[in-house]
Amino acid sequence: MDDAPLRIGSHTFGSRLLVGTGKYASYETMQEALDVSGSECITVAVRRERLIDAEGKNLLDFIDTKRYTILPNTAGCFTADDAIRVARLGREILTQMNNPGANWVKLEVLGDTRTLLPDPIATLEATEKLVEEGFEVLVYTSDDPIVAKRLKAAGASSVMPAGSPIGSGQGILNANALKICLEYLKEDDPDYPVIIDAGVGAASDVTMAMELGADGVLLNTGIAHAADPIRMARAMKAAIEAGYDSYLSGRIPKKLYATASSPTEGVIGLSKTK
Amino acid sequence: MDDAPLRIGSHTFGSRLLVGTGKYASYETMQEALDVSGSECITVAVRRERLIDAEGKNLLDFIDTKRYTILPNTAGCFTADDAIRVARLGREILTQMNNPGANWVKLEVLGDTRTLLPDPIATLEATEKLVEEGFEVLVYTSDDPIVAKRLKAAGASSVMPAGSPIGSGQGILNANALKICLEYLKEDDPDYPVIIDAGVGAASDVTMAMELGADGVLLNTGIAHAADPIRMARAMKAAIEAGYDSYLSGRIPKKLYATASSPTEGVIGLSKTK
Amino acid sequence: MDDAPLRIGSHTFGSRLLVGTGKYASYETMQEALDVSGSECITVAVRRERLIDAEGKNLLDFIDTKRYTILPNTAGCFTADDAIRVARLGREILTQMNNPGANWVKLEVLGDTRTLLPDPIATLEATEKLVEEGFEVLVYTSDDPIVAKRLKAAGASSVMPAGSPIGSGQGILNANALKICLEYLKEDDPDYPVIIDAGVGAASDVTMAMELGADGVLLNTGIAHAADPIRMARAMKAAIEAGYDSYLSGRIPKKLYATASSPTEGVIGLSKTK
Amino acid sequence: MDDAPLRIGSHTFGSRLLVGTGKYASYETMQEALDVSGSECITVAVRRERLIDAEGKNLLDFIDTKRYTILPNTAGCFTADDAIRVARLGREILTQMNNPGANWVKLEVLGDTRTLLPDPIATLEATEKLVEEGFEVLVYTSDDPIVAKRLKAAGASSVMPAGSPIGSGQGILNANALKICLEYLKEDDPDYPVIIDAGVGAASDVTMAMELGADGVLLNTGIAHAADPIRMARAMKAAIEAGYDSYLSGRIPKKLYATASSPTEGVIGLSKTK
Amino acid sequence: MKITLNGEPYDLDQSLTIAGLLERLGMTGRPVAVEVNRQLVPRAEHDGCQLAEADEVEVVTLVGGG
Amino acid sequence: MKITLNGEPYDLDQSLTIAGLLERLGMTGRPVAVEVNRQLVPRAEHDGCQLAEADEVEVVTLVGGG
Amino acid sequence: MKITLNGEPYDLDQSLTIAGLLERLGMTGRPVAVEVNRQLVPRAEHDGCQLAEADEVEVVTLVGGG
Amino acid sequence: MKITLNGEPYDLDQSLTIAGLLERLGMTGRPVAVEVNRQLVPRAEHDGCQLAEADEVEVVTLVGGG
C-alpha cells in the first residue's frame, strides 16, 4: 500500500503524529513516550532560562535533536507582536542547534488566559508578518472555516484547527465545521496539509480526525496526562495509522439497518421464517 | 507493556479482531484481507453444497485452516431449533477438518429478515440448549443489558452485543447501553469476554468499542465492502490496538475547556495580556 | 390545524403527555405540576396501605379522579406473576373508584434492582397473560425493535420503549433503534400508539422523541426532581406540542452548509465579492 | 411564573423568537406563519427596487408595521463597507416608515458566497463603525467564543452565534462552544442578550438552544421551507417556550442509569427478586 | 388467631371476615384492594370471606409512582 | 443625460432631482432609500439633490430575507 | 427411488447409503455434513446409513459469512 | 550598572557584552537566545553588543510545551 509521507512546507515526515513535550511527570517519561509515539516532529515552548539552578535538568538533555525536528511554538502569547518576538527567539536557538526546525514556528496567539482559545484577528495579523519574515507558519486556530481560509491565503504553511479547546479532552466537537475547513483548504490544492491540533483525549479522537481527511494530528495532554503515558503514546501511534488507512479505504455508507453478511440463499430447509 | 491475549472459552488469540468471510468481491481479496487484518479467528456460514459445479471454487480452498480458528455461525436462522441444527452441522464439518473451532459456535437467531436484528427470546432458548450439548456459545445479541445478563447466566462463553444493526455501518449507537452491558457481564468476573459484533463502518468505531472496555470486535462488511478492503483490514488491525491501549492507558477527563500544555510561568516580558 | 387526539386502546386524550406521580417533594407540588402539565393521564403505583398513620395524607386526596384517567403501574415487580398480581390489585381499586383506568395497566417487569431496566422475556410473558385477562396493556420495554414487535404481536395496546434508563435523564440515547421500533409498530398500522417512556431529563428530550414520530411521552423524574417542578411541567407541556407539530410539519433536510435566506439577486452595487 | 421579556438594546419583546421573511412560497403564507409564530420582531433584507412591475406585490403590503418591529439585515454583503452602506439604507427606509427598527441592524458580513459563513474580521470592523454611527448592532457570527467576546467589546447590542451554517438545518453542532460564548458574554453581565441565529431545522434545535441559556432564537428557513410552514411556525413558538422554561427549571443531572420513580418500599410480598 | 398482614404478624382475638378486618383497621370505604394468600378478593366478597389461621393478607392502595 | 440606475444604463431627457426621478418612476411616497455614488441621500434632501451626468443611483426597498 | 436432496427432488435408481450418495455426487472426502430428515448423521455413520424413499437429505458445507 | 535580566533587577559591577554576561551566568555555549530591549540579538553579535544602563535583557531557552 502507498503510504505517502506528511509534507509541511519544506519538511517531510513518515509519521503523521506531532506531539508536544509539556506536562510530563518526568523527562524520562517524556523521552520514552516520544519514542513509542513514533513521532518525528515535536513541539516545544520558549521560556526564560532559569538563572539559578542553571545546572538543573534541561529539556534538551532528553531530546535527540538528530532524530526529531523541533517545532517551536508561541504558546503563552496574547498579541501578534509578542508571538513574533517569541518566534524569532525560537528560530535563533534552533539555528544554533542546527535543527531543521529553525525555519518554522507553531503560531499560537491566544484570546483569553482562561480558555486558551485562539484570537483569530491577532492570529491572522501575526501570520502575515511571520510569513513576510520567511517563517514557515503552522497556525493554530479554531474550527471557523472562514478564518482557516484566510490564514491559508495569508501564506500559512499549514492551518491547524482545534478539534476542541486545548487540554479539554473533548476530541472532535464539530465534524461539520472541520469538513468545511478541509473543503476550503484542499480544493484545487489537495496536498495542502491540515493538522488537527488540540482537544484530543483518547485514541478514537485521533482516528476520527484522520477519517475526516486531516493530514495529521498534534497533541500533548492526551498522552502526557494519561494514567499510563507510554501505553497511550502507543495507542496514539496506532490511532493515526488506523484513521489514515480508514479514510483512504473508502468506508461503507451508513444505513438505518442491516444487510446480511452471510449469503441468504442456500440455507438448509428451515422452519417457516417470519 | 503487558498485552494480554483474548481468551474465549477454551480458545486464546493474540489478536482481538474477529473477522467474517462474507461479501468479498473475490476469494483472493478475502484471503489477503484476512492476512492483513492479523486476525486469528474467522467466522463462516453453513450452507447447502452446490451439487452442480461442485468443482467450482470453494471457500475452504482459500483458508489456511492451520492458521485460523474457524467460528461457524448460524446466520440465516430465525428459530432456536434451526440454529441448533446449523450449529451441529458446523461442528460436524469442523470435526472432520480437525479445526479447533469444532467445539464452538457464533449463535445468531434473528427476529426479522429485513433488519436481521436478533430475537432475544429465541436466542436465549437456543443458548441454553447448545450449552447443554457442550457447545461454547458466542452469542450475538442487541445492546439490551438485561438480555446480555441472562445470556451469560445461561452459560454463553461470550456475549456479543451489536454496536448497531448488521451491516449498517452506524458504529456504536448507544455507548451508555454497552457500558451497562459491560458492567453486568464483568462485575465479579472481569475476565469474562465481551465482543462487540456488527455495525462497524470505520476504524474509529472499532477504537471506540475497545475504549468502552470490550475485549474484542467482530466485523465483516466494514472490511469486505470498503472501496479498498485490504487497506481497511490494515486500518481495523491498528484500530483494535489503538482502542485496547487507549482503554488501558486511563484517558484524561473531559472538560468544558482548556488547561495549558506549555508552562504559564517563565514567559518573556509581554505586552499586557487580557 | 388538525390536532388528532391520542388514542390508546379504549382511551382518548387531548394531551400527549403522560406523567407520573412519584418523587415529588409534596403532594401540593405534585398537584400543581399535574395541573400545569396539561396531562389527562397519570400513572400511580400499588403499595401496601400504611396500617398505622392510616389517617395520614393519601395520594388520592390530591388527585381529581374526575379529571385524570389513572394508569396503575406494576413498578417494583421482577417476575411476570408478581406483575400480574399487582395489575389485578390496581384494577380492583380503580374499579371501586369508578375511574376509567380500571381496564388497563402500565406493565413493568424489571430485570435488575439496580438499573431498573426491563426484562424482555418476563415482560412478554406477562403481556400475553394480562391481555388474556382482558387488560389493555401499555408495556414498558427497552428500545430493542424485535422485542417491541413481539410485544405488539402479543396484544399490547401500546408499546412504550425507553429513551434511556428510568430516571437517568439521558433523553433519547438511540434514535436509530427507536426509528426501527416505530417502523415495525406502525407499518400497516399507522395509528398504533407508541409512547416513549423513561429517561427524559429536559424539554428537548421530549421534543426529539415526538419528532421521531412517537405518539406521546411518559415521564416522571424529569418534572418531579427538577429544581422548579411547576415550571418544568409547563416546559414539558410546550415540548410535547412543539415536537408533535415539528414532526407533522415536515422539517427541512440537513445539509453540510448553507442556502441563502435572503435573495441573492437585487443586491446593490457592491465591492467585488469573493 | 415570572416570564421576563427579551430586551435587546432599546427594544423589548414578549416573544423570544425572531423570524425572517425570506423564502416563503407566497406572501400570504409568510403573513400567516409570522402571525402563528408569535414573534414580534422580523428581519428583512434591503434590495434594489424593481423598476418595471413596480406595481407588483411588495413585502411591506403584507406586514403590519404597527405590530412588528422590523430588523433590517445586511445579508448579501461581503465587506464591512458594503454592510455599512446597506445598514444606512435600511435605517433610511424604516425612518420613513416610523418603525422602531430604524435604530438597529442585523449585521451579516459573509466570508464566502457558497457557505454564507460569516467573516469574523470584516464583521468586527463593521461592528465598530456601525456602533460609532449610533446603530444598535445585532451581529451574526460563528460560534467562535473569542470572536463573540470581541464583538461584545466592540459595542454590539447582541451577539448572535450560529448553531450551524445558515439554512443547513443542522441545529446546534457545538454546544460546548456556545456554552463558552455564553459564559464570556454573560459573566458580570447576565442580562446581555445572546441570540442563536441560523442553522435551525426542527423545533428540538430551538429548545436545545434555549436550554443552553440563550435569550432567544432567530430563524427563517426552518419555517419557510418546511412542508407545512404554518404548523412549523406553531412548533417553533412552543419550542421557544419549552426551552426557556426548561432552562430556568433546573433539569435533573444525567446518570448512567436509573433511580426508581415509584417507592421501593411497601411492595407486596413478592417472589424472590434478583 | 394469627395471620400475616402486609408482611407483619398480626393477632386476631376472634375470627374475622375481610370486611371485619378492614373495619377494625379503620379502612372501611377507603380505596383499597385485598389479597389473601396471593389471590385477589374483590370488594363484593369481603363480607363473605372469613380469614383463617396463618392467612397471608395484603391490603394495598395507590401511591405516587412513575 | 445618462445615469446608471440600479446597475442599468438609464437616459434622462432632462436633468432631474431625486424627487423628480422617483416621481417619473412612479415611486413617490413609496418606502425607498436612494444612494447617489454610494452615498445615501436622505428623503429630506430628495427635492434639492440634482442628478448629474454618469451618476450611479441606487433605489432600494425592503424585501423578504432572513 | 425418490428423495429430496437440498430441497430438490432427486432420483436414485438404486438404494444408496449416504457414503454412496456422496460418492455419486463426487463429494467423497470433501468437508461436508449430512442431515437426513433434520437429524445430523455423523461421518462415521455414512457407510451404515441406508437412504429410504422420501428421505429429506441435506448436504452442507462452509461458505463465506459474517 | 543596573539592568533588568529576565524581569528581575540585576547588578553589573562593570559594563559587559552579552557574551560576557552569558559567561558570568555560566551559560556560554548553552542553547539560549538573547533579547535586549525587545530586540533579538543573534549569537554572532553577542561579543560586540555592549550592555547599557537600564537595558532589559531576556535570556531564553526551550522548555517542554504543546
# chains A, B, ... in the order shown; residues from 1 in each chain; ligands from 1

call {"tool": "select_by_dssp", "arguments": {"residues": "segment 88-261 of chain A", "states": "alpha helix (DSSP H)", "output": "PyMOL selection string"}}
result
chain A and resi 88-96+120-132+145-153+175-186+203-211+221-224+229-249

call {"tool": "residues_around", "arguments": {"residues": "segment 160-167 of chain C", "least_positions_apart": "5", "cutoff": "7 Å", "atoms": "only C-alpha atoms", "output": "ChimeraX atom specification"}}
result
/C:116-117,138-143,172-173,194-199,221 /D:257-261

call {"tool": "residues_around", "arguments": {"residues": "Leu60 of chain D", "least_positions_apart": "5", "cutoff": "9 Å", "atoms": "only C-alpha atoms", "output": "list in words"}}
result
Thr65 of chain D; Pro31, Leu62 and Val63 of chain F

call {"tool": "atom_distance", "arguments": {"atom1": "atom CA of Ile252 of chain D", "atom2": "atom CA of Ala202 of chain A"}}
result
28.0 Å

call {"tool": "residues_around", "arguments": {"residues": "Gly20 of chain F", "least_positions_apart": "3", "cutoff": "10 Å", "atoms": "only C-alpha atoms", "output": "PyMOL selection string"}}
result
chain F and resi 15-17+23-28+46-47+49-51

call {"tool": "interface_residues", "arguments": {"of": "chain H", "to": "chain B", "cutoff": "9 Å", "atoms": "only C-alpha atoms", "output": "JSON, numbers by chain"}}
result
{"H": [6, 7, 38, 58, 59, 60, 63, 64, 65, 66]}

call {"tool": "write_last_selection", "arguments": {"atoms": "N, CA, C and O atoms", "output": "short mmCIF file (atom, residue, chain, number, x, y, z; two decimals), in the first residue's frame"}}
result
data_model
loop_
_atom_site.label_atom_id
_atom_site.label_comp_id
_atom_site.auth_asym_id
_atom_site.auth_seq_id
_atom_site.Cartn_x
_atom_site.Cartn_y
_atom_site.Cartn_z
N ASN H 6 15.71 39.01 32.66
CA ASN H 6 14.53 38.12 32.79
C ASN H 6 13.54 38.65 33.83
O ASN H 6 13.05 37.92 34.69
N GLY H 7 13.34 39.98 33.76
CA GLY H 7 12.30 40.59 34.59
C GLY H 7 12.72 40.98 35.97
O GLY H 7 11.98 41.65 36.69
N ARG H 38 13.68 44.14 23.86
CA ARG H 38 12.69 43.54 22.95
C ARG H 38 13.20 43.31 21.54
O ARG H 38 12.43 42.96 20.65
N GLU H 58 16.56 39.69 28.04
CA GLU H 58 15.87 38.40 28.19
C GLU H 58 16.81 37.30 27.70
O GLU H 58 17.38 37.40 26.61
N VAL H 59 17.00 36.29 28.52
CA VAL H 59 17.78 35.12 28.12
C VAL H 59 16.84 33.92 28.16
O VAL H 59 16.32 33.57 29.23
N VAL H 60 16.57 33.36 27.01
CA VAL H 60 15.54 32.32 26.94
C VAL H 60 16.09 31.02 26.37
O VAL H 60 17.12 31.01 25.69
N VAL H 63 11.73 24.90 26.46
CA VAL H 63 11.20 24.07 27.54
C VAL H 63 10.05 23.22 26.99
O VAL H 63 9.56 23.47 25.88
N GLY H 64 9.63 22.28 27.79
CA GLY H 64 8.53 21.43 27.35
C GLY H 64 7.26 22.22 27.13
O GLY H 64 6.92 23.09 27.93
N GLY H 65 6.60 21.97 26.03
CA GLY H 65 5.34 22.68 25.74
C GLY H 65 4.57 21.93 24.67
O GLY H 65 5.07 20.99 24.06
N GLY H 66 3.34 22.35 24.47
CA GLY H 66 2.50 21.66 23.48
C GLY H 66 1.79 22.65 22.59
O GLY H 66 1.95 23.85 22.73
#

call {"tool": "interface_residues", "arguments": {"of": "chain D", "to": "chain A", "cutoff": "9 Å", "atoms": "only C-alpha atoms", "output": "list of chain:residue names"}}
result
D:Leu110, D:Gly111, D:Asp112, D:Thr115, D:Leu117, D:Pro118, D:Asp119, D:Pro120, D:Ile121, D:Ser142, D:Asp143, D:Asp144, D:Pro145, D:Ile146, D:Val147, D:Ser164, D:Pro165, D:Leu173, D:Asn174, D:Ala175, D:Asn176, D:Ala177, D:Ile180

call {"tool": "atom_distance", "arguments": {"atom1": "atom CA of Leu71 of chain C", "atom2": "atom CA of Glu108 of chain C"}}
result
12.2 Å

call {"tool": "atom_distance", "arguments": {"atom1": "atom CA of Gly169 of chain C", "atom2": "atom CA of Glu211 of chain D"}}
result
14.1 Å

call {"tool": "select_by_dssp", "arguments": {"residues": "segment 130-258 of chain A", "states": "strand (DSSP E or B)", "output": "NGL selection string"}}
result
:A and (136-141 or 158-161 or 194-197 or 216-219)

call {"tool": "residues_around", "arguments": {"residues": "Met1 of chain A", "least_positions_apart": "5", "cutoff": "10 Å", "atoms": "only C-alpha atoms", "output": "VMD selection string"}}
result
(chain A and resid 245) or (chain B and resid 230 to 231 234)

call {"tool": "write_last_selection", "arguments": {"atoms": "N, CA, C and O atoms", "output": "short mmCIF file (atom, residue, chain, number, x, y, z; two decimals), in the first residue's frame"}}
result
data_model
loop_
_atom_site.label_atom_id
_atom_site.label_comp_id
_atom_site.auth_asym_id
_atom_site.auth_seq_id
_atom_site.Cartn_x
_atom_site.Cartn_y
_atom_site.Cartn_z
N ASP A 245 -5.54 5.04 7.21
CA ASP A 245 -5.96 3.94 6.33
C ASP A 245 -7.47 3.92 6.15
O ASP A 245 -7.99 3.69 5.06
N ILE B 230 -8.34 -4.28 1.48
CA ILE B 230 -7.03 -4.64 2.06
C ILE B 230 -6.57 -3.53 3.01
O ILE B 230 -6.19 -3.78 4.15
N ARG B 231 -6.66 -2.30 2.54
CA ARG B 231 -6.23 -1.20 3.40
C ARG B 231 -7.16 -1.08 4.62
O ARG B 231 -6.72 -0.80 5.73
N ARG B 234 -6.13 -3.40 7.23
CA ARG B 234 -4.99 -2.89 7.99
C ARG B 234 -5.45 -1.82 8.98
O ARG B 234 -4.99 -1.75 10.13
#
